[in-house]
Amino acid sequence: MQAYSLLDLAPITEGSDARQALLNSRDLAVHAEQWGYYRFWMAEHHSMEGIASAATAVALGYIAEATSKLRIASGGVMLPNHSPLVIAEQFGTLASLYPGRVDLGLGRAPGTDGVTMRALRRKQTAGADDFPNEVQELLHYFEPKQPGQAVLAIPGEGLRVPVWILGSSLFGAQLAAHLGLPYAFASHFAPSMLMQALQTYREHFRPSRWLSKPYAAAAINVFAADSDEEGRYLMTSVQQQFIALHKGRPGKMKAPVKDLSSLAAPFERLQVDHALAETAVGSKESVSKWIDQFLNRTQVDELIITGAIYDHPARLKSFQLASEILEEKKHS
């Protein structure tokens, strides 16, 4: 592991609003910089009452303004929702304001439902084959101007903003390997193909002007606390989110509960347990042992930590404990 980073969706809790969620994210970023996190990822989701990071470039600018060296990254921008030129301009603007601190992670999912996807004016004919072409178009906008080039990203042209491919299947791994780009796997909610995707990426990687050798990251959930029991208690807020999502009733993040059995049928609990399989939960010792196993298993270059926790001070503590664990591992 060369670095560890943080993924935040600016969770909106019951009884609160998007403004407070973004204020909390900014506060988390300030602390994360002090604790040694290398990168602060935010993800694009739409029409989700419990997530405030829909306008990802805007939210990342807010984070960057409060920090001085922490890298800001989209984890990710869902490129099929947008014109590549618009994204190049947005992240070219961020890179102009915060030079050397901006990364652009790209995904091919819509990050929402079909109705909202249409409201985003996404091309209804878009398919899997469009994403590689749009990634390459976007990369082109970050290159120096070519003779006769009619369309420029201003700001963006010549800045060569680092671009990542994100994914939860083999498609993204293959594309990242083919283009010679860094790759991040969304194992924090879609763990099934993690090991196969990492193997595919590493075996088929082709060196490029952007990267000479593979650089792979993977995301895990961490719910760290003073005890295993408290960690499991904090985790129930995210479990409730997944249960609600599977029932088609997503909403704001709920307070943790002592017992989930009355909120979900056994098969729903099994679905959630599978989705959250890559999760370290409990005391510092328990989390440390789990992370050791994950790092040994995956050999990732960068570990992405996420963990949506209802209570902001408890969320800060969880990320702080995770950073203490990872600092020890980096220097051991």
# chains A, B, ... in the order shown; residues from 1 in each chain; ligands from 1

call {"tool": "residues_around", "arguments": {"residues": "stretch 273-282 of chain A", "least_positions_apart": "5", "cutoff": "8 Å", "atoms": "only C-alpha atoms", "output": "JSON list (two decimals) with N, CA and C atoms, in the first residue's frame"}}
result
[["chain", "number", "residue", "atom", "x", "y", "z"],
["A", 187, "SER", "N", -15.42, -2.01, -4.30],
["A", 187, "SER", "CA", -15.69, -3.20, -3.49],
["A", 187, "SER", "C", -16.45, -2.88, -2.21],
["A", 188, "HIS", "N", -16.63, -1.61, -1.89],
["A", 188, "HIS", "CA", -17.37, -1.26, -0.68],
["A", 188, "HIS", "C", -18.87, -1.52, -0.81],
["A", 189, "PHE", "N", -19.36, -1.69, -2.05],
["A", 189, "PHE", "CA", -20.78, -2.04, -2.20],
["A", 189, "PHE", "C", -21.01, -3.11, -3.26],
["A", 190, "ALA", "N", -19.98, -3.47, -4.04],
["A", 190, "ALA", "CA", -20.13, -4.48, -5.08],
["A", 190, "ALA", "C", -18.88, -5.37, -5.09],
["A", 191, "PRO", "N", -18.74, -6.24, -4.09],
["A", 191, "PRO", "CA", -17.48, -6.95, -3.89],
["A", 191, "PRO", "C", -17.26, -8.17, -4.78],
["A", 220, "ILE", "N", -13.12, 0.05, 0.77],
["A", 220, "ILE", "CA", -13.73, -0.74, 1.83],
["A", 220, "ILE", "C", -14.50, 0.17, 2.77],
["A", 221, "ASN", "N", -15.45, -0.40, 3.47],
["A", 221, "ASN", "CA", -16.15, 0.31, 4.55],
["A", 221, "ASN", "C", -15.38, 0.10, 5.84],
["A", 222, "VAL", "N", -15.32, 1.16, 6.65],
["A", 222, "VAL", "CA", -14.75, 1.05, 7.98],
["A", 222, "VAL", "C", -15.69, 1.68, 8.98],
["A", 223, "PHE", "N", -16.03, 0.93, 10.02],
["A", 223, "PHE", "CA", -16.81, 1.44, 11.14],
["A", 223, "PHE", "C", -16.01, 1.13, 12.40],
["A", 224, "ALA", "N", -15.11, 2.04, 12.72],
["A", 224, "ALA", "CA", -14.20, 1.84, 13.84],
["A", 224, "ALA", "C", -14.69, 2.61, 15.06],
["A", 225, "ALA", "N", -14.54, 2.00, 16.21],
["A", 225, "ALA", "CA", -15.03, 2.60, 17.45],
["A", 225, "ALA", "C", -14.24, 2.03, 18.62],
["A", 226, "ASP", "N", -14.68, 2.33, 19.83],
["A", 226, "ASP", "CA", -13.97, 1.86, 21.01],
["A", 226, "ASP", "C", -14.14, 0.36, 21.23],
["A", 227, "SER", "N", -15.21, -0.21, 20.69],
["A", 227, "SER", "CA", -15.47, -1.64, 20.88],
["A", 227, "SER", "C", -16.09, -2.23, 19.64],
["A", 228, "ASP", "N", -16.04, -3.56, 19.52],
["A", 228, "ASP", "CA", -16.69, -4.24, 18.40],
["A", 228, "ASP", "C", -18.19, -3.97, 18.41],
["A", 229, "GLU", "N", -18.78, -4.00, 19.58],
["A", 229, "GLU", "CA", -20.22, -3.78, 19.70],
["A", 229, "GLU", "C", -20.61, -2.40, 19.19],
["A", 230, "GLU", "N", -19.85, -1.38, 19.56],
["A", 230, "GLU", "CA", -20.17, -0.02, 19.12],
["A", 230, "GLU", "C", -19.98, 0.11, 17.61],
["A", 231, "GLY", "N", -18.95, -0.51, 17.06],
["A", 231, "GLY", "CA", -18.75, -0.48, 15.62],
["A", 231, "GLY", "C", -19.91, -1.09, 14.86],
["A", 232, "ARG", "N", -20.40, -2.24, 15.34],
["A", 232, "ARG", "CA", -21.54, -2.88, 14.69],
["A", 232, "ARG", "C", -22.79, -2.01, 14.80],
["A", 235, "MET", "N", -22.67, 0.78, 12.25],
["A", 235, "MET", "CA", -22.86, 0.25, 10.90],
["A", 235, "MET", "C", -24.33, 0.09, 10.53],
["A", 287, "VAL", "N", -10.39, -3.88, 13.53],
["A", 287, "VAL", "CA", -10.29, -3.24, 12.22],
["A", 287, "VAL", "C", -8.90, -3.45, 11.63],
["A", 290, "TRP", "N", -8.54, -6.97, 10.23],
["A", 290, "TRP", "CA", -9.32, -7.14, 9.00],
["A", 290, "TRP", "C", -8.61, -6.46, 7.83],
["A", 291, "ILE", "N", -8.10, -5.25, 8.05],
["A", 291, "ILE", "CA", -7.41, -4.53, 6.97],
["A", 291, "ILE", "C", -6.15, -5.28, 6.55]]

call {"tool": "residues_around", "arguments": {"residues": "A:Ser5", "least_positions_apart": "6", "cutoff": "8 Å", "atoms": "only C-alpha atoms", "output": "PDB file with N, CA and C atoms, in the first residue's frame"}}
result
ATOM      1  N   TYR A  37      -4.555  11.325   5.194  1.00  0.00           N
ATOM      2  CA  TYR A  37      -5.230  10.848   3.989  1.00  0.00           C
ATOM      3  C   TYR A  37      -4.675  11.596   2.781  1.00  0.00           C
ATOM      4  N   TYR A  38      -4.466  10.864   1.691  1.00  0.00           N
ATOM      5  CA  TYR A  38      -3.824  11.422   0.512  1.00  0.00           C
ATOM      6  C   TYR A  38      -4.818  12.058  -0.458  1.00  0.00           C
ATOM      7  N   ARG A  39      -6.011  11.481  -0.524  1.00  0.00           N
ATOM      8  CA  ARG A  39      -6.980  11.887  -1.533  1.00  0.00           C
ATOM      9  C   ARG A  39      -8.371  11.874  -0.917  1.00  0.00           C
ATOM     10  N   PHE A  40      -9.215  12.805  -1.332  1.00  0.00           N
ATOM     11  CA  PHE A  40     -10.590  12.904  -0.838  1.00  0.00           C
ATOM     12  C   PHE A  40     -11.516  12.751  -2.041  1.00  0.00           C
ATOM     13  N   TRP A  41     -12.167  11.586  -2.114  1.00  0.00           N
ATOM     14  CA  TRP A  41     -13.056  11.269  -3.235  1.00  0.00           C
ATOM     15  C   TRP A  41     -14.498  11.668  -2.903  1.00  0.00           C
ATOM     16  N   GLU A 302      -3.447   1.508  -3.384  1.00  0.00           N
ATOM     17  CA  GLU A 302      -4.123   2.534  -2.584  1.00  0.00           C
ATOM     18  C   GLU A 302      -5.399   1.951  -1.984  1.00  0.00           C
ATOM     19  N   LEU A 303      -5.585   2.183  -0.708  1.00  0.00           N
ATOM     20  CA  LEU A 303      -6.787   1.730  -0.012  1.00  0.00           C
ATOM     21  C   LEU A 303      -7.714   2.917   0.172  1.00  0.00           C
ATOM     22  N   ILE A 304      -8.939   2.777  -0.297  1.00  0.00           N
ATOM     23  CA  ILE A 304      -9.940   3.830  -0.175  1.00  0.00           C
ATOM     24  C   ILE A 304     -10.871   3.472   0.980  1.00  0.00           C
ATOM     25  N   ILE A 305     -10.936   4.362   1.964  1.00  0.00           N
ATOM     26  CA  ILE A 305     -11.770   4.139   3.145  1.00  0.00           C
ATOM     27  C   ILE A 305     -13.050   4.935   3.021  1.00  0.00           C
TER      28      ILE A 305
END

call {"tool": "residues_around", "arguments": {"residues": "A:Trp35", "least_positions_apart": "3", "cutoff": "10 Å", "atoms": "only C-alpha atoms", "output": "list in words"}}
result
Ala29, Val30, His31, Ala32, Tyr38, Phe319, Gln320, Leu321, Ala322, Ser323, Glu324 and Glu327 of chain A

call {"tool": "select_by_dssp", "arguments": {"residues": "stretch 79-320 of chain A", "states": "strand (DSSP E)", "output": "PyMOL selection string"}}
result
chain A and resi 102-107+163-167+183-185+216-224+279-282+302-306

call {"tool": "select_by_dssp", "arguments": {"residues": "stretch 28-222 of chain A", "states": "alpha helix (DSSP H)", "output": "PyMOL selection string"}}
result
chain A and resi 28-35+56-66+84-97+114-119+130-141+170-179+194-204

call {"tool": "residues_around", "arguments": {"residues": "A:Leu97", "least_positions_apart": "3", "cutoff": "12 Å", "atoms": "only C-alpha atoms", "output": "PyMOL selection string"}}
result
chain A and resi 60-62+64-65+68+72+90-94+100-102+155-156+159

call {"tool": "atom_distance", "arguments": {"atom1": "atom CA of A:Val163", "atom2": "atom CA of A:Leu104"}}
result
4.8 Å

call {"tool": "decode", "arguments": {"residues": "stretch 206-327 of chain A", "atoms": "C-alpha atoms", "output": "tab-separated table (two decimals), in the first residue's frame"}}
result
chain	number	residue	atom	x	y	z
A	206	ARG	CA	-0.26	-1.48	-21.11
A	207	PRO	CA	2.17	1.30	-20.11
A	208	SER	CA	1.10	4.73	-21.34
A	209	ARG	CA	2.07	8.38	-21.23
A	210	TRP	CA	0.03	8.59	-18.02
A	211	LEU	CA	1.26	5.54	-16.14
A	212	SER	CA	4.27	3.24	-16.52
A	213	LYS	CA	2.91	0.38	-14.41
A	214	PRO	CA	-0.46	-0.65	-12.93
A	215	TYR	CA	-1.85	1.39	-10.05
A	216	ALA	CA	-4.90	-0.20	-8.44
A	217	ALA	CA	-7.12	1.02	-5.62
A	218	ALA	CA	-10.05	-0.64	-3.88
A	219	ALA	CA	-12.65	0.72	-1.49
A	220	ILE	CA	-13.73	-0.74	1.83
A	221	ASN	CA	-16.15	0.31	4.55
A	222	VAL	CA	-14.75	1.05	7.98
A	223	PHE	CA	-16.81	1.44	11.14
A	224	ALA	CA	-14.20	1.84	13.84
A	225	ALA	CA	-15.03	2.60	17.45
A	226	ASP	CA	-13.97	1.86	21.01
A	227	SER	CA	-15.47	-1.64	20.88
A	228	ASP	CA	-16.69	-4.24	18.40
A	229	GLU	CA	-20.22	-3.78	19.70
A	230	GLU	CA	-20.17	-0.02	19.12
A	231	GLY	CA	-18.75	-0.48	15.62
A	232	ARG	CA	-21.54	-2.88	14.69
A	233	TYR	CA	-24.06	-0.41	16.12
A	234	LEU	CA	-22.71	2.44	13.98
A	235	MET	CA	-22.86	0.25	10.90
A	236	THR	CA	-26.63	-0.27	11.20
A	237	SER	CA	-27.28	3.15	9.64
A	238	VAL	CA	-25.70	2.03	6.36
A	239	GLN	CA	-27.40	-1.34	6.61
A	240	GLN	CA	-30.74	0.46	6.88
A	241	GLN	CA	-29.83	2.51	3.79
A	242	PHE	CA	-29.18	-0.63	1.76
A	243	ILE	CA	-32.36	-2.29	3.00
A	244	ALA	CA	-34.38	0.77	2.00
A	245	LEU	CA	-32.66	0.89	-1.40
A	246	HIS	CA	-33.46	-2.77	-2.08
A	247	LYS	CA	-37.08	-2.03	-1.17
A	248	GLY	CA	-37.14	0.90	-3.58
A	249	ARG	CA	-37.57	3.42	-0.76
A	250	PRO	CA	-34.21	5.23	-0.40
A	251	GLY	CA	-34.16	8.23	1.91
A	252	LYS	CA	-32.05	10.13	4.38
A	253	MET	CA	-29.63	8.29	6.61
A	254	LYS	CA	-31.31	6.95	9.73
A	255	ALA	CA	-29.97	6.79	13.25
A	256	PRO	CA	-28.37	3.46	14.24
A	257	VAL	CA	-30.48	0.80	15.93
A	258	LYS	CA	-29.75	-2.02	18.34
A	259	ASP	CA	-31.59	-4.66	16.32
A	260	LEU	CA	-32.19	-4.84	12.56
A	261	SER	CA	-34.34	-7.97	12.64
A	262	SER	CA	-37.63	-6.07	12.74
A	263	LEU	CA	-36.62	-3.88	9.78
A	264	ALA	CA	-35.74	-6.54	7.21
A	265	ALA	CA	-36.56	-10.10	6.25
A	266	PRO	CA	-33.75	-12.68	6.46
A	267	PHE	CA	-33.18	-12.68	2.69
A	268	GLU	CA	-32.89	-8.88	2.71
A	269	ARG	CA	-30.31	-9.10	5.45
A	270	LEU	CA	-28.38	-11.61	3.37
A	271	GLN	CA	-28.42	-9.23	0.38
A	272	VAL	CA	-27.06	-6.43	2.53
A	273	ASP	CA	-24.44	-8.65	4.12
A	274	HIS	CA	-23.19	-9.60	0.66
A	275	ALA	CA	-23.07	-6.00	-0.57
A	276	LEU	CA	-21.14	-4.94	2.53
A	277	ALA	CA	-18.86	-7.96	2.69
A	278	GLU	CA	-15.72	-5.81	2.36
A	279	THR	CA	-16.20	-4.05	5.68
A	280	ALA	CA	-13.93	-3.63	8.70
A	281	VAL	CA	-15.97	-3.10	11.83
A	282	GLY	CA	-15.28	-2.83	15.54
A	283	SER	CA	-12.40	-1.87	17.78
A	284	LYS	CA	-9.08	-0.58	16.51
A	285	GLU	CA	-7.58	-4.03	16.97
A	286	SER	CA	-10.39	-5.76	15.06
A	287	VAL	CA	-10.29	-3.24	12.22
A	288	SER	CA	-6.51	-3.51	11.98
A	289	LYS	CA	-6.62	-7.31	11.67
A	290	TRP	CA	-9.32	-7.14	9.00
A	291	ILE	CA	-7.41	-4.53	6.97
A	292	ASP	CA	-4.26	-6.67	7.16
A	293	GLN	CA	-6.14	-9.54	5.58
A	294	PHE	CA	-7.63	-7.31	2.88
A	295	LEU	CA	-4.26	-5.80	1.94
A	296	ASN	CA	-2.60	-9.23	1.87
A	297	ARG	CA	-5.39	-10.55	-0.31
A	298	THR	CA	-5.58	-7.69	-2.80
A	299	GLN	CA	-2.10	-6.10	-2.76
A	300	VAL	CA	-3.70	-2.78	-3.74
A	301	ASP	CA	-1.54	0.29	-4.22
A	302	GLU	CA	-4.12	2.53	-2.58
A	303	LEU	CA	-6.79	1.73	-0.01
A	304	ILE	CA	-9.94	3.83	-0.17
A	305	ILE	CA	-11.77	4.14	3.14
A	306	THR	CA	-15.44	5.00	3.33
A	307	GLY	CA	-17.97	4.80	6.12
A	308	ALA	CA	-21.21	6.74	6.28
A	309	ILE	CA	-22.01	7.18	9.98
A	310	TYR	CA	-25.07	9.01	11.31
A	311	ASP	CA	-23.32	10.94	14.07
A	312	HIS	CA	-20.65	13.29	12.70
A	313	PRO	CA	-18.30	13.09	15.72
A	314	ALA	CA	-18.48	9.29	15.56
A	315	ARG	CA	-17.71	9.45	11.84
A	316	LEU	CA	-14.67	11.62	12.50
A	317	LYS	CA	-13.47	9.19	15.15
A	318	SER	CA	-13.86	6.21	12.84
A	319	PHE	CA	-11.78	7.84	10.10
A	320	GLN	CA	-9.20	8.95	12.64
A	321	LEU	CA	-8.83	5.43	14.02
A	322	ALA	CA	-8.52	4.10	10.48
A	323	SER	CA	-5.76	6.61	9.73
A	324	GLU	CA	-3.87	5.62	12.87
A	325	ILE	CA	-4.04	1.97	11.78
A	326	LEU	CA	-2.87	2.75	8.26
A	327	GLU	CA	-0.06	5.04	9.35
